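Written below as C-alpha cells is the structure these notes are about.
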Amino acid sequence: WIALNAAVNSTAHLEEREAGAMVPVGNSTEGALLHWLHENGIIYHRLRLQFPPVFQIHFSSERKSMTTVVQYGSRMVSLVKGAPETLLDMSSSYLGEDGRVHPWTDEVRQKLRGALKLVADQAMRTLAFAYQVLREDMPNSADEVENCRHELERGYVFVGFVAIRDPLRDDVREAVRQCRLAGIEVKMITGDNVDTARAIAHEIGLLDVSESLVLTHDEFERMSDEELADVMPRLRVLARARPMDKLRIVRILQAQNHVVAMTGDGTNDAPALKQADVGLSMGIAGTEVAKEASKIVLLDDAFSTIVKAVHWGRSLYENIQRFIQFQLTINVSALTIAFLGPFLGVRPPFTVLQLLWINVIMDTFAAIALCSEPPRAGLMRMPPKKKNESIVTTSMLATIFTTAAFFVVVMLVLLWGMKHEGWFQNVHAESAGEEFAPLTLGQTTIFFTVYVLFQVWNQINCRSLTADQSGLHRLFHNRAFLMIASLTLIGQILIVTFSYDIFKVRPLGITSWVIILAATSTVLIFAEATRWVRRRMQARSATGNPNYERSLEQAA
C-alpha cells in the first residue's frame with residue numbers, strides 16, 4: 001500500500017540525466033519517495049499505468065494531505081498521504097504486522113506517536129500513508145467522485161509512515177551565524193511538525209538562547225497581532241505553518257519598522273513574497289508564480305547565497321558612498337573656486353573641453369574605479385542601515401569639506417600667484433588669449449594638470465569612508481582601481497602632450513610632470529593627517545564608551 005500510494009498519489013517524476021543519474025522533477029518530497037521506489041526495483045511508471053488516477057485532491061497547506069482515487073480491481077480505492085497527525089484523525093483503523101486491519105487503540109496510537117517523535121527529534125521529516133476501500137456503488141468518474149468528496153475525509157486504514165532526512169548543507173549553520181552577526185534576525189517558518197522543526201533549528205544554531213520561542217500554527221493563530229508583536233523578537237521557529245502565516249509575520253514586522261526578507265517556493269507563498277521588502281524565491285524548487293512575486297530568485301536554492309547577496313549588497317552600498325564622496329568633493333571645490341575667484345580678481349582658466357575631460361574623470365572613470373572595491377573584512381559585523389538613514393554620513397561630510405577646502409586654498413593661491421606674481425610665466429610664454437589674460441598657455445596647462453592630478457590622488461582618499469581606516473589600506477589588492485587611475489594619468493599626459501590645439505594646452509617637460517605629481521600627492525598626506533586628528537578627537541570624546549571600542553574592532 002505504501003509503494004502504490006507513493007507511486008500513484010503523486011505529481012512528481014524522475015528524469016534520467018547524464019551518467020544515468022535520476023533527477024526528481026516536481027515536489028522534492030515526492031521525488032524522494034520515487035527515488036526510494038526506484039532503488040528498491042519498483043518501476044513507478046508501471047504502477048501509474050496500471051492504476052491511473054480517477055480523481056485527485058492536490059496537497060494544500062490547510063489539509064496537509066493529498067488524495068488520489070484509483071480503480072483497484074472491481075472497487076474504487078482512495079489513497080491519501082500527508083502529515084501523520086492529519087492521517088491519524090482521518091483513519092479509524094490501522095494495518096497490523098499480521099496483514100490484517102485492526103481498530104485503533106490508545107496503546108497503539110501512543111506507540112505510533114512515540115515512533116514519530118523519535119525520528120522527528122533526529123530532524124527527520126515524517127510522511128504518513130493510508131487507504132480506504134470505497135463503497136461498492138461508488139461512481140468511477142471524476143465529476144461524480146467530486147460530489148462524494150466528503151466521503152474521502154474519514155474512515156481510512158493507516159498503513160505506516162516514512163521518515164525523510166533533508167540533509168542540511170554544510171554552510172547553513174555558518175550562514176545563519178553570519179546573518180545574526182550582521183544584525184539580521186533569522187526566523188524559520190516551516191510546514192514540518194514541531195519536533196522536526198525544533199531539531200533542525202538546534203542544528204543550525206537558531207535556538208541558542210533559553211528565551212528562544214517555538215510556536216505551532218495553532219498557537220500562532222490564537223494570538224492577536226499585539227501579542228505577536230510582543231513575542232516577535234523571541235520567535236525563532238513557526239512549525240506546521242500555513243502560507244498566510246508568512247504574510248501575517250511580514251506585516252507585523254513591517255509595522256515595527258523592520259526591513260523584511262521572505263523566502264518561499266510555492267504558489268501560496270506569493271502574497272508574502274510580494275508583501276516583503278525583499279522576496280526571495282527558489283530557482284530550482286520554486287513555482288513560476290513564486291518567482292514572479294519575488295524580487296530575487298536564488299538559482300541554487302541555498303540559504304548561504306542570501307548571506308553572500310547581503311555581503312555584496314553592503315559592499316555595493318559602500319562603493320556608491322565612495323563615489324558620492326569623490327564627486328561631491330570635486331563639485332564643492334569647483335563651485336567654491338568659481339564663486340570666490342572673481343572676488344579675488346582671478347577666474348579658473350578652464351576651457352569647455354577641459355571641463356568635459358574633468359567631468360569624464362569625475363563621472364565615468366571614478367565610478368568604475370571606486371565601484372570596483374571588493375567587500376572589506378568586517379563588513380558583515382556592521383549593523384544594518386535604517387530606512388531613513390542618509391547615504392552621506394557625518395564622516396563623509398567631514399572628508400568632503402576638509403578635502404574640498406584644501407583644494408580651494410591650493411588652487412586659488414596657485415591662480416593668484418600666476419596672475420599677480422608671475423609664477424611659471426617662463427613655461428611656454430605664449431598668451432592663453434584674451435579670455436584668460438594675462439595668463440600664458442604654460443600657466444593654464446599647469447593649472448589644468450594640477451587640478452586633474454589632485455583628483456587622481458583624491459580617488460585613493462575616497463576609498464576610506466571613516467576616520468578609522470586609511471585610503472591606502474589594501475590599495476594594491478585592487479588591480480582594477482590602480483589600472484583605471486593609471487589610465488586617467490596616461491590620458492592627461494596624452495592630452496597635454498599631443499592635443500594642444502584642441503584642449504588649448506602646451507606640452508610639459510619631464511621635470512614639470514615629476515614636480516606636479518609630487519606636489520599634488522600632498523592631498524594624501526593632508527587626508528591622512530585630518531583622519532588622524534579626527535581619530536584623536538573621537539577617542540577623546542568617547543573614552544570609555546564600549547560602543548566606540550566595538551566600532552574600532554569592527555573597522556579593524
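For the C-alpha cells, the naming scheme is as follows: chains receive sequential letters (A, B, ...) according to their order of presentation, residues are indexed from 1 within each chain, and ligands are indexed from 1 in presentation order.
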Do a neighbour search on A:Phe323 at 10 Å with only C-alpha atoms, toss out local chain neighbours closer than 6 positions, and write the hits as a PyMOL selection string.
-> chain A and resi 329+362-363+366-371+459+462-463
Neighbour list for stretch 125-142 of chain A as a ChimeraX atom specification, cut-off 6 Å, only C-alpha atoms, skip fewer than 4 positions in-chain | /A:54-55,76-84,156-164
Go ahead and write the residues just picked, N, CA and C atoms, as an mmCIF file, in the first residue's frame.
data_model
loop_
_atom_site.group_PDB
_atom_site.id
_atom_site.type_symbol
_atom_site.label_atom_id
_atom_site.label_comp_id
_atom_site.auth_asym_id
_atom_site.auth_seq_id
_atom_site.Cartn_x
_atom_site.Cartn_y
_atom_site.Cartn_z
ATOM 1 N N VAL A 54 -8.368 8.394 -10.992
ATOM 2 C CA VAL A 54 -9.729 8.760 -11.402
ATOM 3 C C VAL A 54 -10.053 10.161 -10.904
ATOM 4 N N PHE A 55 -9.559 10.482 -9.714
ATOM 5 C CA PHE A 55 -9.849 11.774 -9.084
ATOM 6 C C PHE A 55 -8.697 12.111 -8.138
ATOM 7 N N MET A 76 -13.360 0.923 -6.029
ATOM 8 C CA MET A 76 -12.659 2.203 -6.026
ATOM 9 C C MET A 76 -11.935 2.337 -4.683
ATOM 10 N N VAL A 77 -10.694 2.758 -4.748
ATOM 11 C CA VAL A 77 -9.876 2.896 -3.541
ATOM 12 C C VAL A 77 -9.320 4.319 -3.481
ATOM 13 N N SER A 78 -9.392 4.886 -2.303
ATOM 14 C CA SER A 78 -8.836 6.228 -2.070
ATOM 15 C C SER A 78 -7.496 6.097 -1.352
ATOM 16 N N LEU A 79 -6.461 6.707 -1.904
ATOM 17 C CA LEU A 79 -5.124 6.712 -1.310
ATOM 18 C C LEU A 79 -4.834 8.126 -0.794
ATOM 19 N N VAL A 80 -4.314 8.217 0.400
ATOM 20 C CA VAL A 80 -4.005 9.535 0.966
ATOM 21 C C VAL A 80 -2.631 9.482 1.624
ATOM 22 N N LYS A 81 -1.887 10.560 1.462
ATOM 23 C CA LYS A 81 -0.598 10.715 2.155
ATOM 24 C C LYS A 81 -0.527 12.139 2.684
ATOM 25 N N GLY A 82 0.193 12.318 3.810
ATOM 26 C CA GLY A 82 0.279 13.652 4.380
ATOM 27 C C GLY A 82 0.845 13.633 5.779
ATOM 28 N N ALA A 83 0.560 14.694 6.526
ATOM 29 C CA ALA A 83 1.062 14.824 7.891
ATOM 30 C C ALA A 83 0.498 13.709 8.764
ATOM 31 N N PRO A 84 1.335 13.030 9.556
ATOM 32 C CA PRO A 84 0.852 11.901 10.372
ATOM 33 C C PRO A 84 -0.324 12.261 11.265
ATOM 34 N N TYR A 156 -10.315 5.943 6.991
ATOM 35 C CA TYR A 156 -9.141 5.353 6.339
ATOM 36 C C TYR A 156 -8.486 4.289 7.213
ATOM 37 N N VAL A 157 -7.666 3.453 6.538
ATOM 38 C CA VAL A 157 -6.814 2.475 7.217
ATOM 39 C C VAL A 157 -5.385 3.012 7.185
ATOM 40 N N PHE A 158 -4.845 3.285 8.348
ATOM 41 C CA PHE A 158 -3.472 3.809 8.459
ATOM 42 C C PHE A 158 -2.492 2.665 8.198
ATOM 43 N N VAL A 159 -1.558 2.855 7.228
ATOM 44 C CA VAL A 159 -0.666 1.743 6.875
ATOM 45 C C VAL A 159 0.793 1.971 7.282
ATOM 46 N N GLY A 160 1.161 3.182 7.643
ATOM 47 C CA GLY A 160 2.545 3.401 8.069
ATOM 48 C C GLY A 160 3.038 4.787 7.697
ATOM 49 N N PHE A 161 4.300 5.023 7.976
ATOM 50 C CA PHE A 161 4.888 6.322 7.645
ATOM 51 C C PHE A 161 6.340 6.124 7.227
ATOM 52 N N VAL A 162 6.877 7.109 6.544
ATOM 53 C CA VAL A 162 8.300 7.122 6.195
ATOM 54 C C VAL A 162 8.941 8.327 6.877
ATOM 55 N N ALA A 163 10.214 8.213 7.144
ATOM 56 C CA ALA A 163 10.996 9.322 7.704
ATOM 57 C C ALA A 163 12.028 9.733 6.657
ATOM 58 N N ILE A 164 12.025 10.994 6.311
ATOM 59 C CA ILE A 164 12.897 11.509 5.254
ATOM 60 C C ILE A 164 13.853 12.526 5.849
#
Neighbours of stretch 260-277 of chain A within 10 Å (only C-alpha atoms; same-chain residues fewer than 3 positions away dropped), as a short mmCIF file (atom, residue, chain, number, x, y, z; two decimals) with N, CA, C and O atoms, in the first residue's frame?
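Output contents, as saved in selection_18.cif:
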data_model
loop_
_atom_site.label_atom_id
_atom_site.label_comp_id
_atom_site.auth_asym_id
_atom_site.auth_seq_id
_atom_site.Cartn_x
_atom_site.Cartn_y
_atom_site.Cartn_z
N ASN A 27 7.79 18.21 -6.81
CA ASN A 27 7.95 18.28 -5.36
C ASN A 27 9.11 17.40 -4.89
O ASN A 27 9.21 16.23 -5.26
N SER A 60 -2.56 20.66 -0.02
CA SER A 60 -2.71 22.07 0.37
C SER A 60 -2.27 22.23 1.80
O SER A 60 -2.29 21.28 2.59
N SER A 61 -1.87 23.43 2.12
CA SER A 61 -1.37 23.69 3.48
C SER A 61 -2.48 23.56 4.51
O SER A 61 -2.22 23.30 5.69
N ILE A 184 21.04 40.66 11.37
CA ILE A 184 19.87 40.15 10.65
C ILE A 184 19.29 38.99 11.45
O ILE A 184 19.96 37.98 11.66
N GLU A 185 18.06 39.13 11.90
CA GLU A 185 17.42 38.07 12.69
C GLU A 185 16.80 37.05 11.74
O GLU A 185 16.10 37.41 10.78
N VAL A 186 17.07 35.78 11.99
CA VAL A 186 16.57 34.70 11.13
C VAL A 186 15.43 33.99 11.84
O VAL A 186 15.54 33.61 13.00
N LYS A 187 14.31 33.81 11.13
CA LYS A 187 13.16 33.08 11.65
C LYS A 187 12.85 31.94 10.68
O LYS A 187 12.82 32.14 9.47
N MET A 188 12.61 30.77 11.23
CA MET A 188 12.36 29.57 10.43
C MET A 188 10.85 29.30 10.42
O MET A 188 10.24 29.07 11.46
N ILE A 189 10.26 29.35 9.22
CA ILE A 189 8.83 29.11 9.06
C ILE A 189 8.69 27.87 8.19
O ILE A 189 9.08 27.87 7.03
N ARG A 242 1.23 27.77 7.78
CA ARG A 242 0.47 27.90 6.55
C ARG A 242 0.89 29.18 5.84
O ARG A 242 1.41 30.11 6.48
N PRO A 243 0.68 29.25 4.52
CA PRO A 243 1.19 30.40 3.76
C PRO A 243 0.76 31.76 4.30
O PRO A 243 1.55 32.70 4.31
N MET A 244 -0.49 31.88 4.77
CA MET A 244 -0.95 33.17 5.28
C MET A 244 -0.26 33.53 6.59
O MET A 244 -0.26 34.70 6.98
N ASP A 245 0.33 32.54 7.28
CA ASP A 245 1.12 32.85 8.48
C ASP A 245 2.33 33.68 8.10
O ASP A 245 2.72 34.61 8.82
N LYS A 246 2.93 33.35 6.95
CA LYS A 246 4.08 34.12 6.47
C LYS A 246 3.69 35.57 6.23
O LYS A 246 4.40 36.50 6.63
N LEU A 247 2.56 35.76 5.57
CA LEU A 247 2.09 37.12 5.27
C LEU A 247 1.84 37.90 6.56
O LEU A 247 2.19 39.08 6.67
N ARG A 248 1.26 37.24 7.55
CA ARG A 248 0.98 37.91 8.82
C ARG A 248 2.27 38.32 9.52
O ARG A 248 2.38 39.43 10.06
N ILE A 249 3.26 37.44 9.51
CA ILE A 249 4.55 37.76 10.13
C ILE A 249 5.20 38.96 9.44
O ILE A 249 5.74 39.86 10.09
N VAL A 250 5.16 38.96 8.10
CA VAL A 250 5.75 40.08 7.35
C VAL A 250 5.10 41.40 7.76
O VAL A 250 5.79 42.39 8.03
N ARG A 251 3.78 41.41 7.82
CA ARG A 251 3.07 42.65 8.15
C ARG A 251 3.37 43.12 9.57
O ARG A 251 3.52 44.32 9.82
N LEU A 253 6.11 42.51 11.36
CA LEU A 253 7.49 43.01 11.41
C LEU A 253 7.62 44.37 10.72
O LEU A 253 8.33 45.25 11.20
N GLN A 254 6.93 44.55 9.60
CA GLN A 254 6.98 45.84 8.90
C GLN A 254 6.32 46.94 9.73
O GLN A 254 6.77 48.09 9.68
N ASN A 257 8.69 48.63 11.82
CA ASN A 257 9.74 49.33 11.06
C ASN A 257 10.94 48.44 10.75
O ASN A 257 12.06 48.95 10.60
N LEU A 280 12.36 36.49 -1.81
CA LEU A 280 13.38 35.59 -2.37
C LEU A 280 12.73 34.25 -2.69
O LEU A 280 12.29 33.54 -1.80
N SER A 281 12.66 33.93 -3.98
CA SER A 281 12.08 32.65 -4.38
C SER A 281 13.17 31.68 -4.78
O SER A 281 14.31 32.07 -5.07
N MET A 282 12.81 30.40 -4.82
CA MET A 282 13.76 29.35 -5.14
C MET A 282 13.79 29.11 -6.66
O MET A 282 12.75 28.90 -7.28
N GLY A 283 14.98 29.15 -7.24
CA GLY A 283 15.11 28.98 -8.68
C GLY A 283 14.93 27.56 -9.13
O GLY A 283 14.54 27.31 -10.28
N ILE A 284 15.21 26.58 -8.25
CA ILE A 284 15.10 25.17 -8.63
C ILE A 284 13.74 24.62 -8.23
O ILE A 284 13.00 24.10 -9.06
N ALA A 285 13.40 24.75 -6.95
CA ALA A 285 12.15 24.16 -6.45
C ALA A 285 10.97 25.12 -6.55
O ALA A 285 9.83 24.71 -6.38
N GLY A 286 11.20 26.38 -6.84
CA GLY A 286 10.14 27.38 -6.82
C GLY A 286 9.21 27.30 -8.02
O GLY A 286 9.62 26.94 -9.13
N THR A 287 7.95 27.67 -7.79
CA THR A 287 6.97 27.74 -8.88
C THR A 287 7.13 29.07 -9.62
O THR A 287 7.72 30.03 -9.11
N GLU A 288 6.58 29.13 -10.82
CA GLU A 288 6.67 30.36 -11.61
C GLU A 288 5.94 31.51 -10.92
O GLU A 288 6.35 32.66 -11.01
N VAL A 289 4.84 31.19 -10.24
CA VAL A 289 4.09 32.22 -9.52
C VAL A 289 4.95 32.84 -8.42
O VAL A 289 4.98 34.07 -8.24
N ALA A 290 5.66 31.98 -7.68
CA ALA A 290 6.54 32.48 -6.62
C ALA A 290 7.65 33.34 -7.20
O ALA A 290 8.00 34.40 -6.64
N LYS A 291 8.23 32.92 -8.32
CA LYS A 291 9.31 33.68 -8.94
C LYS A 291 8.83 35.04 -9.41
O LYS A 291 9.53 36.06 -9.28
N GLU A 292 7.61 35.08 -9.98
CA GLU A 292 7.07 36.35 -10.46
C GLU A 292 6.79 37.31 -9.30
O GLU A 292 6.92 38.52 -9.44
N ALA A 293 6.40 36.76 -8.15
CA ALA A 293 6.05 37.60 -6.99
C ALA A 293 7.27 38.10 -6.24
O ALA A 293 7.17 39.04 -5.44
N SER A 294 8.43 37.48 -6.46
CA SER A 294 9.63 37.83 -5.69
C SER A 294 10.47 38.86 -6.43
O SER A 294 10.29 39.11 -7.61
N LYS A 295 11.41 39.43 -5.69
CA LYS A 295 12.35 40.40 -6.27
C LYS A 295 13.67 39.74 -6.63
O LYS A 295 14.40 40.24 -7.47
N ILE A 296 14.00 38.66 -5.95
CA ILE A 296 15.27 37.96 -6.19
C ILE A 296 14.98 36.46 -6.32
O ILE A 296 14.18 35.91 -5.55
N VAL A 297 15.60 35.81 -7.29
CA VAL A 297 15.48 34.37 -7.47
C VAL A 297 16.82 33.74 -7.15
O VAL A 297 17.85 34.09 -7.74
N LEU A 298 16.83 32.80 -6.18
CA LEU A 298 18.06 32.09 -5.81
C LEU A 298 18.25 30.91 -6.76
O LEU A 298 17.51 29.94 -6.71
N ASP A 301 19.06 27.73 -4.71
CA ASP A 301 18.18 27.43 -3.57
C ASP A 301 18.95 27.33 -2.25
O ASP A 301 18.52 26.63 -1.33
N PHE A 303 20.60 28.88 1.26
CA PHE A 303 20.48 29.99 2.21
C PHE A 303 21.78 30.80 2.26
O PHE A 303 21.75 32.03 2.44
N ILE A 306 21.99 33.87 0.17
CA ILE A 306 21.37 35.10 0.69
C ILE A 306 22.41 35.90 1.46
O ILE A 306 22.49 37.13 1.34
#
Determine the nearest neighbour of A:Ile324 from the options A:Thr351, A:Thr530, A:Thr399, A:Thr445, counting only C-alpha atoms.
->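 Nearest candidate to A:Ile324 out of A:Thr351, A:Thr530, A:Thr399, A:Thr445: A:Thr399.
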Which is closest to A:Glu15 among A:Leu34, A:Val410, A:Val194, A:Ala398, if we use only C-alpha atoms?
->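 Once distances to A:Glu15 are computed over only C-alpha atoms, the minimum belongs to A:Leu34.
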Residue list (helix (DSSP H, G or I), DSSP) for stretch 333-510 of chain A, as a VMD selection string = chain A and resid 333 to 344 352 to 370 379 to 381 394 to 421 434 to 436 441 to 461 475 to 477 479 to 498 500 to 503 510
Prev. selection, C-alpha atoms, output as a tab-separated table (two decimals), in the first residue's frame:
chain	number	residue	atom	x	y	z
A	333	SER	CA	35.76	72.60	-4.59
A	334	ALA	CA	34.99	73.57	-8.19
A	335	LEU	CA	31.93	75.62	-7.29
A	336	THR	CA	33.75	77.37	-4.44
A	337	ILE	CA	36.70	78.22	-6.70
A	338	ALA	CA	34.34	79.53	-9.39
A	339	PHE	CA	32.43	81.57	-6.80
A	340	LEU	CA	35.41	83.04	-4.89
A	341	GLY	CA	37.67	83.60	-7.93
A	342	PRO	CA	36.03	86.83	-9.16
A	343	PHE	CA	36.17	88.32	-5.66
A	344	LEU	CA	39.94	87.72	-5.64
A	352	VAL	CA	34.95	73.82	-22.32
A	353	LEU	CA	36.86	70.70	-23.43
A	354	GLN	CA	39.00	70.74	-20.29
A	355	LEU	CA	35.84	70.85	-18.16
A	356	LEU	CA	34.44	67.98	-20.23
A	357	TRP	CA	37.58	65.89	-19.51
A	358	ILE	CA	37.30	66.68	-15.80
A	359	ASN	CA	33.65	65.60	-15.95
A	360	VAL	CA	34.63	62.32	-17.64
A	361	ILE	CA	37.11	61.66	-14.83
A	362	MET	CA	34.54	62.61	-12.21
A	363	ASP	CA	31.59	60.61	-13.56
A	364	THR	CA	32.92	57.68	-15.56
A	365	PHE	CA	36.43	56.72	-14.51
A	366	ALA	CA	35.82	57.41	-10.83
A	367	ALA	CA	32.58	55.42	-10.84
A	368	ILE	CA	34.31	52.38	-12.34
A	369	ALA	CA	37.38	52.69	-10.10
A	370	LEU	CA	35.59	53.24	-6.79
A	379	LEU	CA	31.55	44.34	6.69
A	380	MET	CA	29.17	41.67	7.98
A	381	ARG	CA	29.78	42.78	11.56
A	394	THR	CA	28.82	62.62	9.05
A	395	SER	CA	32.28	61.14	8.47
A	396	MET	CA	31.85	61.53	4.71
A	397	LEU	CA	30.81	65.17	5.11
A	398	ALA	CA	33.91	65.83	7.19
A	399	THR	CA	36.12	64.30	4.47
A	400	ILE	CA	34.30	66.17	1.68
A	401	PHE	CA	34.56	69.62	3.23
A	402	THR	CA	38.10	69.33	4.59
A	403	THR	CA	39.50	67.97	1.31
A	404	ALA	CA	37.50	70.48	-0.75
A	405	ALA	CA	38.84	73.29	1.45
A	406	PHE	CA	42.39	72.04	0.78
A	407	PHE	CA	41.76	72.10	-2.98
A	408	VAL	CA	40.20	75.57	-2.86
A	409	VAL	CA	43.07	77.10	-0.90
A	410	VAL	CA	45.80	75.48	-3.03
A	411	MET	CA	44.15	76.22	-6.40
A	412	LEU	CA	43.24	79.83	-5.57
A	413	VAL	CA	46.73	80.51	-4.22
A	414	LEU	CA	48.22	78.97	-7.38
A	415	LEU	CA	45.91	81.02	-9.61
A	416	TRP	CA	46.58	84.24	-7.70
A	417	GLY	CA	50.32	83.66	-7.83
A	418	MET	CA	50.22	83.03	-11.56
A	419	LYS	CA	48.27	86.20	-12.24
A	420	HIS	CA	49.81	88.63	-9.77
A	421	GLU	CA	53.27	87.21	-9.01
A	434	GLU	CA	42.03	87.42	-24.16
A	435	GLU	CA	39.65	85.19	-22.18
A	436	PHE	CA	42.36	84.16	-19.69
A	441	LEU	CA	49.36	78.79	-22.14
A	442	GLY	CA	52.02	77.25	-19.92
A	443	GLN	CA	50.33	78.59	-16.80
A	444	THR	CA	46.83	77.41	-17.82
A	445	THR	CA	48.27	73.99	-18.71
A	446	ILE	CA	49.88	73.69	-15.27
A	447	PHE	CA	46.67	74.80	-13.53
A	448	PHE	CA	44.59	72.29	-15.55
A	449	THR	CA	47.06	69.46	-14.88
A	450	VAL	CA	47.36	70.21	-11.16
A	451	TYR	CA	43.58	70.12	-10.76
A	452	VAL	CA	43.24	66.82	-12.65
A	453	LEU	CA	46.08	65.10	-10.77
A	454	PHE	CA	44.62	66.27	-7.49
A	455	GLN	CA	41.51	64.25	-8.41
A	456	VAL	CA	43.59	61.20	-9.37
A	457	TRP	CA	45.22	61.19	-5.93
A	458	ASN	CA	41.93	62.00	-4.22
A	459	GLN	CA	40.38	58.80	-5.59
A	460	ILE	CA	42.69	56.97	-3.17
A	461	ASN	CA	41.46	59.11	-0.27
A	475	LEU	CA	45.34	49.59	-2.17
A	476	PHE	CA	47.48	47.18	-4.18
A	477	HIS	CA	44.91	44.39	-3.80
A	479	ARG	CA	44.14	46.00	-9.56
A	480	ALA	CA	41.10	47.45	-11.34
A	481	PHE	CA	41.35	50.64	-9.29
A	482	LEU	CA	45.09	51.00	-9.99
A	483	MET	CA	44.57	50.35	-13.70
A	484	ILE	CA	41.84	52.99	-14.04
A	485	ALA	CA	43.82	55.56	-12.03
A	486	SER	CA	46.82	54.85	-14.27
A	487	LEU	CA	44.67	55.24	-17.40
A	488	THR	CA	43.45	58.63	-16.14
A	489	LEU	CA	47.05	59.76	-15.63
A	490	ILE	CA	48.08	58.47	-19.06
A	491	GLY	CA	45.07	60.21	-20.62
A	492	GLN	CA	46.11	63.51	-19.02
A	493	ILE	CA	49.69	63.10	-20.29
A	494	LEU	CA	48.46	62.36	-23.83
A	495	ILE	CA	46.07	65.35	-23.80
A	496	VAL	CA	48.77	67.76	-22.61
A	497	THR	CA	51.43	66.35	-24.96
A	498	PHE	CA	49.52	65.83	-28.20
A	500	TYR	CA	47.44	71.22	-27.53
A	501	ASP	CA	45.37	72.76	-30.35
A	502	ILE	CA	42.17	71.04	-29.22
A	503	PHE	CA	42.46	71.47	-25.45
A	510	ILE	CA	59.50	65.53	-17.54
So which residues touch A:Asn478 within 8 Å, counting only C-alpha atoms, skipping near sequence neighbours fewer than 5 positions away, as an MDAnalysis selection string?
-> chainID A and resid 372:374
Report the residues of stretch 102-302 of chain A whose backbone DSSP state falls under strand (DSSP E), written as a ChimeraX atom specification.
-> /A:102-103,125-133,156-164,188-189,213-216,235-239,261-264,278-282,296-298
Please provide the set of residues having any atom within 9 Å of stretch 105-112 of chain A, restricted to only C-alpha atoms, with same-chain residues fewer than 5 positions apart removed, written as a list of chain:residue names.
->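 Once the nearby chain positions are removed, what remains is A:Leu88, A:Ser93, A:Lys117.
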Quick one, how far is atom CA of A:Leu439 from atom CA of A:Ser512?
->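 So the answer is 17.7 Å.
As for atom CA of A:Val523 and atom CA of A:Pro349, they are spaced 21.6 Å apart.
By only C-alpha atoms, and with residues fewer than 5 positions from A:Ser470 along its chain excluded, the set lying at most 8 Å from it is Asn461, Ser464, Glu528 and Arg531 of chain A.
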Find the residues near A:Asp121: any atom within 7 Å, counting only C-alpha atoms, skip ones fewer than 4 places away on the same chain, and give them as a PyMOL selection string.
-> chain A and resi 117+195-196+199
Closest of A:Pro375, A:Gly99, A:Gly279, A:Gly471 to A:Ile525, counting only C-alpha atoms, is A:Gly471
Just how far from atom CA of A:Arg113 is atom CA of A:Glu97, in Å to one decimal?
->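 Value for the atom CA of A:Glu97-atom CA of A:Arg113 distance: 17.0 Å.
When only C-alpha atoms are used to compute distances to A:Asp230, the closest of the residues A:Asn319, A:Gln256, A:Ser210, A:Gln56 turns out to be A:Gln256.
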Top pick for closest residue to A:Arg177, considering A:Asp300, A:Glu203, A:Glu146, A:Glu39 and counting only C-alpha atoms |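 Checking each of A:Asp300, A:Glu203, A:Glu146, A:Glu39 against A:Arg177, counting only C-alpha atoms, the winner is A:Glu203.
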Considering only C-alpha atoms, state which residue in the set A:Arg100, A:Arg198, A:Lys64, A:His311 is at the smallest distance from A:Cys179.
->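 Nearest to A:Cys179: A:His311.
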